[in-house]
Each structure stands twice: as C-alpha cells, then as structure tokens.
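Have a look at target07.txt; it's compact mmCIF, C-alpha atoms:
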```
# COMPACT_ATOMS: atom_id res chain seq x y z
CA MET A 1 118.99 116.20 102.33
CA THR A 2 115.64 116.64 104.08
CA LEU A 3 112.64 116.09 101.84
CA THR A 4 109.69 118.38 102.43
CA GLY A 5 106.03 117.88 101.76
CA GLU A 6 106.23 119.91 98.59
CA ASP A 7 108.81 117.47 97.22
CA CYS A 8 107.19 114.17 98.07
CA PRO A 9 103.61 113.21 97.22
CA VAL A 10 102.26 110.49 99.48
CA LEU A 11 99.03 108.65 100.04
CA ARG A 12 97.31 109.30 103.34
CA ALA A 13 94.32 107.36 104.55
CA ARG A 14 90.88 108.82 105.10
CA ASN A 15 88.25 107.60 107.45
CA ASP A 16 85.04 108.40 105.62
CA THR A 17 84.78 105.09 103.74
CA GLY A 18 85.01 102.87 106.78
CA ILE A 19 88.11 101.06 105.47
CA MET A 20 90.81 103.62 106.10
CA GLY A 21 92.00 105.76 108.92
CA GLY A 22 94.91 107.83 110.12
CA ASP A 23 96.04 110.99 111.82
CA THR A 24 95.33 113.93 109.55
CA VAL A 25 96.90 116.68 111.67
CA GLY A 26 98.89 119.05 109.49
CA ILE A 27 97.93 117.22 106.30
CA ARG A 28 96.05 118.70 103.40
CA LEU A 29 93.59 116.02 102.31
CA PHE A 30 92.03 115.83 98.90
CA ARG A 31 88.49 114.50 98.66
CA PHE A 32 88.18 111.85 95.97
CA GLU A 33 84.69 112.90 94.90
CA ASN A 34 85.92 116.40 94.07
CA LYS A 35 87.78 114.86 91.12
CA ILE A 36 91.01 116.61 91.96
CA SER A 37 93.89 115.25 89.91
CA THR A 38 95.15 113.01 92.72
CA ASP A 39 94.19 111.74 96.15
CA GLN A 40 97.74 112.16 97.41
CA ALA A 41 98.48 114.27 100.47
CA PHE A 42 101.57 116.30 101.21
CA LEU A 43 103.56 116.15 104.41
CA ASN A 44 107.12 116.04 105.60
CA MET A 45 108.71 112.68 104.93
CA GLN A 46 110.55 110.66 107.50
CA THR A 47 114.32 110.81 107.35
CA PRO A 48 115.32 109.23 104.02
CA ARG A 49 116.99 105.83 104.25
CA ASP A 50 120.70 105.56 103.54
CA LEU A 51 121.18 103.19 100.63
CA ARG A 52 124.66 102.34 101.88
CA ASN A 53 123.21 100.91 105.09
CA LEU A 54 120.16 99.26 103.57
CA ASN A 55 119.91 95.48 103.92
CA ILE A 56 117.26 93.68 101.90
CA SER A 57 115.97 90.12 101.90
CA VAL A 58 114.27 89.06 98.67
CA ILE A 59 111.44 86.53 98.84
CA ILE A 60 110.26 84.80 95.67
CA PRO A 61 107.18 82.57 95.99
CA ALA A 62 107.32 80.23 92.99
CA TYR A 63 105.04 77.53 91.64
CA ASN A 64 106.31 75.58 88.62
CA GLU A 65 108.55 78.45 87.51
CA GLY A 66 111.58 76.43 86.42
CA LYS A 67 111.51 78.08 82.99
CA ASN A 68 111.44 81.62 84.40
CA ILE A 69 113.15 81.69 87.80
CA LEU A 70 116.70 82.20 86.47
CA ASN A 71 115.71 85.41 84.64
CA VAL A 72 114.72 86.93 87.97
CA LEU A 73 117.69 85.59 89.95
CA ARG A 74 120.23 86.95 87.44
CA ALA A 75 118.92 90.50 87.85
CA LEU A 76 118.61 90.30 91.64
CA ARG A 77 122.16 89.03 92.07
CA GLU A 78 123.57 92.30 90.71
CA VAL A 79 121.79 94.58 93.21
CA PRO A 80 124.24 95.58 96.00
CA ALA A 81 121.66 96.24 98.74
CA ILE A 82 120.26 92.71 98.46
CA ARG A 83 121.86 90.55 101.15
CA GLU A 84 119.88 87.35 100.69
CA ILE A 85 117.52 85.74 98.21
CA ILE A 86 114.94 83.21 99.35
CA VAL A 87 113.02 81.12 96.82
CA VAL A 88 109.96 79.34 98.19
CA SER A 89 109.00 76.53 95.82
CA ASP A 90 105.30 76.18 96.57
CA GLY A 91 104.83 72.46 95.98
CA SER A 92 106.25 72.77 92.46
CA ALA A 93 106.13 69.64 90.30
CA ASP A 94 108.93 70.87 88.01
CA ASP A 95 112.59 71.77 88.63
CA THR A 96 112.02 75.19 90.20
CA ALA A 97 113.79 74.30 93.47
CA GLU A 98 116.64 72.50 91.72
CA ARG A 99 117.34 75.40 89.35
CA ALA A 100 117.34 77.89 92.21
CA ARG A 101 119.75 75.74 94.25
CA ASN A 102 122.08 75.26 91.30
CA PHE A 103 122.14 79.01 90.68
CA GLY A 104 124.09 79.46 93.89
CA GLY A 105 123.82 81.94 96.74
CA VAL A 106 120.09 81.33 97.09
CA LYS A 107 118.24 79.87 100.06
CA VAL A 108 115.58 77.46 98.82
CA ILE A 109 112.53 76.39 100.80
CA ALA A 110 110.82 73.49 99.03
CA LEU A 111 107.28 72.99 100.32
CA ALA A 112 105.91 69.47 100.01
CA GLN A 113 102.50 70.69 98.86
CA ASN A 114 101.03 73.80 97.30
CA VAL A 115 99.82 76.22 99.97
CA GLY A 116 99.20 79.29 97.80
CA LYS A 117 101.11 82.50 97.25
CA THR A 118 100.21 84.14 100.55
CA GLU A 119 101.40 81.33 102.80
CA ALA A 120 104.47 80.67 100.66
CA ALA A 121 105.47 84.34 100.94
CA ARG A 122 104.89 84.32 104.70
CA ARG A 123 107.09 81.26 105.17
CA GLY A 124 109.87 82.97 103.26
CA ALA A 125 109.49 86.10 105.39
CA VAL A 126 109.87 84.07 108.58
CA GLU A 127 113.30 82.94 107.36
CA ALA A 128 114.40 86.40 106.20
CA GLN A 129 117.27 88.00 108.14
CA CYS A 130 117.05 91.61 106.93
CA PRO A 131 114.73 94.43 108.10
CA ALA A 132 113.58 95.23 104.55
CA LEU A 133 111.67 92.66 102.50
CA LEU A 134 111.44 92.72 98.72
CA PHE A 135 108.77 90.35 97.43
CA CYS A 136 109.27 89.45 93.78
CA ASP A 137 107.20 87.54 91.26
CA ALA A 138 109.02 84.50 89.86
CA ASP A 139 107.87 84.83 86.25
CA LEU A 140 109.01 88.35 85.33
CA GLN A 141 110.37 88.92 81.82
CA HIS A 142 112.57 91.72 80.43
CA LEU A 143 113.74 92.41 83.97
CA LYS A 144 116.88 94.51 84.46
CA VAL A 145 118.96 95.55 87.45
CA GLN A 146 117.79 99.13 86.92
CA HIS A 147 114.18 98.18 87.64
CA PHE A 148 115.18 97.02 91.11
CA SER A 149 117.50 99.98 91.57
CA ASP A 150 114.64 102.39 90.80
CA LEU A 151 112.36 100.56 93.23
CA ILE A 152 114.94 100.71 96.01
CA GLU A 153 115.82 104.36 95.34
CA ARG A 154 112.18 105.35 95.83
CA TYR A 155 112.06 103.32 99.02
CA CYS A 156 115.10 105.24 100.25
CA GLU A 157 113.16 108.49 99.84
CA GLY A 158 111.27 107.51 102.99
CA TYR A 159 108.20 105.66 101.73
CA ASP A 160 106.86 102.76 103.77
CA MET A 161 106.21 100.63 100.69
CA VAL A 162 107.08 100.92 97.02
CA ILE A 163 105.27 98.85 94.37
CA MET A 164 106.69 97.97 90.96
CA ASP A 165 104.24 98.92 88.20
CA LYS A 166 104.60 96.23 85.54
CA GLY A 167 103.35 96.76 82.00
CA SER A 168 101.75 93.43 81.14
CA GLN A 169 98.46 93.34 82.98
CA PRO A 170 95.27 92.37 81.08
CA TRP A 171 93.30 95.28 79.60
CA VAL A 172 90.26 94.68 81.81
CA PHE A 173 92.33 94.86 85.00
CA LYS A 174 94.31 97.86 83.85
CA HIS A 175 91.52 100.03 82.44
CA VAL A 176 88.23 98.76 83.91
CA PHE A 177 89.08 97.58 87.40
CA GLN A 178 92.22 99.77 87.54
CA SER A 179 93.86 97.12 89.71
CA VAL A 180 97.27 97.94 88.27
CA PRO A 181 99.66 98.54 90.05
CA ALA A 182 97.82 97.65 93.29
CA VAL A 183 97.98 93.90 92.60
CA SER A 184 101.63 93.85 91.59
CA GLY A 185 103.43 91.21 93.64
CA THR A 186 106.80 92.93 93.35
CA ARG A 187 107.18 95.44 96.18
CA ILE A 188 109.53 96.46 98.98
CA LEU A 189 108.50 97.14 102.56
CA GLU A 190 109.61 96.82 106.16
CA LYS A 191 109.50 93.42 107.84
CA ARG A 192 107.91 94.87 110.98
CA HIS A 193 104.94 96.12 108.98
CA PHE A 194 104.62 92.90 107.02
CA PHE A 195 104.24 90.80 110.15
CA ALA A 196 101.49 93.13 111.36
CA VAL A 197 99.35 92.49 108.26
CA PRO A 198 96.25 90.45 109.24
CA PHE A 199 96.42 87.67 106.66
CA LYS A 200 93.73 85.00 106.83
CA ALA A 201 94.28 81.26 107.01
CA LYS A 202 92.59 80.54 103.65
CA ASP A 203 94.27 83.39 101.72
CA ARG A 204 95.91 82.43 98.45
CA PHE A 205 95.84 85.21 95.82
CA GLN A 206 94.74 87.82 98.38
CA PHE A 207 98.36 88.56 99.31
CA GLU A 208 98.58 92.04 97.79
CA ASN A 209 95.06 93.02 98.92
CA ARG A 210 95.83 92.34 102.56
CA ILE A 211 99.03 94.36 102.45
CA ASN A 212 97.37 97.26 100.63
CA ASP A 213 94.50 97.39 103.11
CA TYR A 214 96.84 97.38 106.09
CA TYR A 215 98.97 100.20 104.73
CA LEU A 216 95.99 102.36 103.84
CA GLU A 217 94.22 101.75 107.14
CA HIS A 218 97.32 102.80 109.07
CA GLY A 219 98.15 105.84 106.96
CA LEU A 220 101.46 104.43 105.77
CA ARG A 221 103.15 105.98 102.78
CA ILE A 222 102.96 104.18 99.44
CA ALA A 223 104.81 104.96 96.21
CA VAL A 224 104.91 103.36 92.76
CA SER A 225 108.01 102.66 90.68
CA PRO A 226 107.31 102.45 86.91
CA ALA A 227 108.66 99.40 85.08
CA GLN A 228 106.60 99.25 81.90
CA GLU A 229 109.12 97.05 80.11
CA VAL A 230 108.67 94.29 82.68
CA HIS A 231 106.10 91.61 81.85
CA ASP A 232 104.91 88.59 83.75
CA THR A 233 104.01 85.36 81.97
CA ARG A 234 100.27 84.80 81.74
CA LYS A 235 98.96 81.42 82.89
CA PHE A 236 97.43 80.67 79.48
CA ILE A 237 101.02 80.72 78.19
CA LYS A 238 102.47 78.64 81.01
CA TYR A 239 99.75 75.99 80.74
CA PRO A 240 97.47 74.64 78.01
CA PHE A 241 95.38 77.61 76.88
CA TRP A 242 91.99 76.79 78.44
CA LYS A 243 93.48 75.57 81.72
CA GLY A 244 95.62 78.69 81.97
CA LEU A 245 92.73 80.98 81.11
CA LEU A 246 90.56 79.42 83.81
CA LEU A 247 93.39 79.79 86.33
CA ASP A 248 93.79 83.47 85.38
CA ILE A 249 90.05 84.04 85.84
CA LYS A 250 90.02 82.19 89.16
CA GLY A 251 92.99 84.18 90.46
CA GLY A 252 91.50 87.46 89.26
CA TRP A 253 88.24 86.71 91.01
CA GLN A 254 90.00 85.93 94.30
CA VAL A 255 91.75 89.28 94.07
CA LEU A 256 88.63 91.25 93.15
CA ALA A 257 86.36 89.53 95.69
CA SER A 258 88.96 88.80 98.35
CA ASP A 259 86.32 88.49 101.08
CA GLY A 260 83.30 87.64 98.97
CA LEU A 261 80.98 89.84 96.91
CA PRO A 262 80.62 92.59 99.58
CA SER A 263 84.37 93.27 99.38
CA ILE A 264 84.35 94.19 95.68
CA PRO A 265 83.50 97.93 96.11
CA ARG A 266 86.15 98.26 98.82
CA ASN A 267 88.80 96.58 96.67
CA LEU A 268 87.92 98.69 93.63
CA ALA A 269 88.30 101.84 95.74
CA THR A 270 91.69 100.66 96.98
CA PHE A 271 92.86 99.81 93.44
CA ARG A 272 92.00 103.31 92.23
CA ARG A 273 93.64 105.09 95.14
CA ILE A 274 96.89 103.30 94.55
CA ARG A 275 96.54 103.82 90.80
CA ARG A 276 96.53 107.58 91.43
CA LEU A 277 100.03 107.30 92.86
CA THR A 278 101.45 106.30 89.49
CA ARG A 279 103.69 108.92 87.97
CA PRO A 280 105.26 108.97 84.51
CA PRO A 281 108.58 107.13 84.20
CA LYS A 282 111.79 109.14 84.11
CA SER A 283 112.72 110.47 80.70
CA SER A 284 115.93 108.96 79.38
```

Can I see the file as structure tokens?
Amino acid sequence: MTLTGEDCPVLRARNDTGIMGGDTVGIRLFRFENKISTDQAFLNMQTPRDLRNLNISVIIPAYNEGKNILNVLRALREVPAIREIIVVSDGSADDTAERARNFGGVKVIALAQNVGKTEAARRGAVEAQCPALLFCDADLQHLKVQHFSDLIERYCEGYDMVIMDKGSQPWVFKHVFQSVPAVSGTRILEKRHFFAVPFKAKDRFQFENRINDYYLEHGLRIAVSPAQEVHDTRKFIKYPFWKGLLLDIKGGWQVLASDGLPSIPRNLATFRRIRRLTRPPKSS
C-alpha cells in the first residue's frame, strides 16, 4: 500500500529560526506563530518498510541498572524483528553486566569507567550489525512487547525516526518545558543517520538533543509512538533521595542547556515542535 500525504502527518524543517532547514518544494508548511493546531507538514511518504525484512539492533546504555535491566530484556526478547541486543554497562559498580550476560543471547560491553550516556550509546552502535538501531532506556517499568511492536509498526510506515512517548516524566518537563517526548531515550532510527549526528566529545545527557537537532535540520521525518503505561525509574528512587534529586536536576539542566545558556531557547523550540507530533493512543 502506498501512503499519501493526506494519510501521514510528518514534521518538516523550516529555515526561519536559524536551526532548521530543508527542501520545501511541494510541501504545505504551517507557520508556528499562526497557532495552527500542528506544525506538521504533509507529503508523500517514502516506500513503507517491510516488517518481514526489517532487522533491528537494540542498544541499551546502562549505569547501575542491575535491578531493572531484566524487565527490559524480557520484553525485547519477544520482538521478532530484533536480531541482536547490546547492553553497554557504563562503568557500573553493580551487577548490571553480569545480569545481562546471564540472561543469554545478549552482547555485553562492560566499560571500565563511566563515560556518560552519549558515548556509551555510540560504542554500542559501533558494534551493531543491523541497519536499524533501537536505543532503549535500561530502567523502564511496565514495559510490554506491544510497546515495541507499536514503535516498530510506526517506523515501518516510512518515518525516519520514531520516539516512544513514556508517561512518567516530571510535571515541569512535561507541562512547562514540554520536553516530553523529545527527550525520550527510547527511539528507533537508521544507523546511517545516527553516525551522521554531530555529537560532541563532552556530551553526556545531550544524546537526544543532538539526534533531534540533526533530524530537524535535515528535514527528516519524525513520529511519536504513545506508551503512557511505561515509566522510567527516577534517580531519587534509585539513589538516596537528595543525591538522586541532585542528579535529576543536573541531568535536566544538561538537556535544557545542552550548549550553555544561549541554547535554551533553541532547545525549548525543538521540544515543542516534537511535542506537536504526539497523537492520542489507539483506542482498545
């Protein structure tokens, strides 16, 4: 079946903010300041991907996630299109790597020291054998096979990246900064695009920001897959309360101000553009 522009809403980049660009021939663009219901554009999709021929490598950056990693691995193991699972233990001091190895059928990369989420994810991607990469957070709760199936089905519609929209983000990020689902670490995309993303040497929590910026700047198609039942474990639960709270604040700041204070308006604009892609979950 060929999907037409009337069937498939997609995000197309604009050039009037200085952070986005793209060919706009044949595309009806919506101006954000006109307060139209969405900033999505409509155009013919690429040929949809055939799920039967789709090969996916999963990459799970994990730091001290021994208590949570098996929940994620159990769900991933049941997804037919997933050909390999790579867990990158990012200098973990607990049994994350051991639990992943004992699970079976998982490639484990145990880093000697903590290098941060961005570098851990990149090292996993270097080892990946499949053309599609699914990055997955290691601490997801209430995760089911269907959540991954929905994500992959949307990807097969022809989108360049599909982001899982989790339901557990803090109120301030969800309603004030509107950084949900833009900062979700669980997403599927093509390896060739991932290796073109200009990550920086000191990046840690800027992983999602760099990917988002690259996709928007190049006019690549982004979709969101709702998964409101899925929650990640907050750091103030993983660690002693005050330590975890400080880590959450530090991580949030690195996401919001990924390149210092001047980058905050740009990041907020990106968060909101991706937020507009969210559509209601399917009715059961």

If you count all atoms listed in the file, which residues fall within 10 Å of Gln113 (chain A), apart from same-chain ones fewer than 2 positions away, as a ChimeraX atom specification?
/A:89-93,110-111,115-116

Compile the contact shell of Phe205 (chain A) as a VMD selection string: residues with an atom at most 9 Å away, counting all atoms listed in the file, same-chain residues fewer than 6 positions apart removed.
chain A and resid 116 to 118 251 to 252 254 to 255 258

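A straight line drawn from CA of Cys136 (chain A) to CA of Phe103 (chain A) is 16.9 Å long.
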
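Atom to atom, CA of Ser184 (chain A) and CA of Asn212 (chain A) stand 10.6 Å apart.
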
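For Glu65 (chain A), the residues within 8 Å (counting only C-alpha atoms, excluding itself and residues fewer than 3 positions away along the chain) are Ala62, Asn68, Ile69, Ser92, Asp94, Asp95, Thr96, Ala138 and Asp139 of chain A.
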
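If you measure from each of A:Leu220, A:Leu73, A:Ala121, A:Val126 to Gly158 (chain A) using all atoms listed in the file, the closest one turns out to be A:Leu220.
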
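When only C-alpha atoms are used to compute distances to Asn114 (chain A), the closest of the residues A:Gly185, A:Pro48, A:Pro262, A:Pro61 turns out to be A:Pro61.
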
Separating CA of Asp150 (chain A) from CA of Ala81 (chain A), to the nearest tenth of an Å, is a gap of 12.3 Å

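Nearest residue to Thr270 (chain A) among A:Val224, A:Val79, A:Leu143, A:Val180 is A:Val180, counting all atoms listed in the file.
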
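If all atoms listed in the file are the atoms counted, then among A:Arg275, A:Arg77, A:Arg266, A:His193 the closest residue to Val58 (chain A) is A:Arg77.
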
For Lys191 (chain A), list every protein, DNA or RNA residue within 12 Å, evaluated using only C-alpha atoms, and leave out those in the same chain fewer than 3 positions away; present the list as a PyMOL selection string.
chain A and resi 55-59+122+124-135+160-161+188+194-197+211
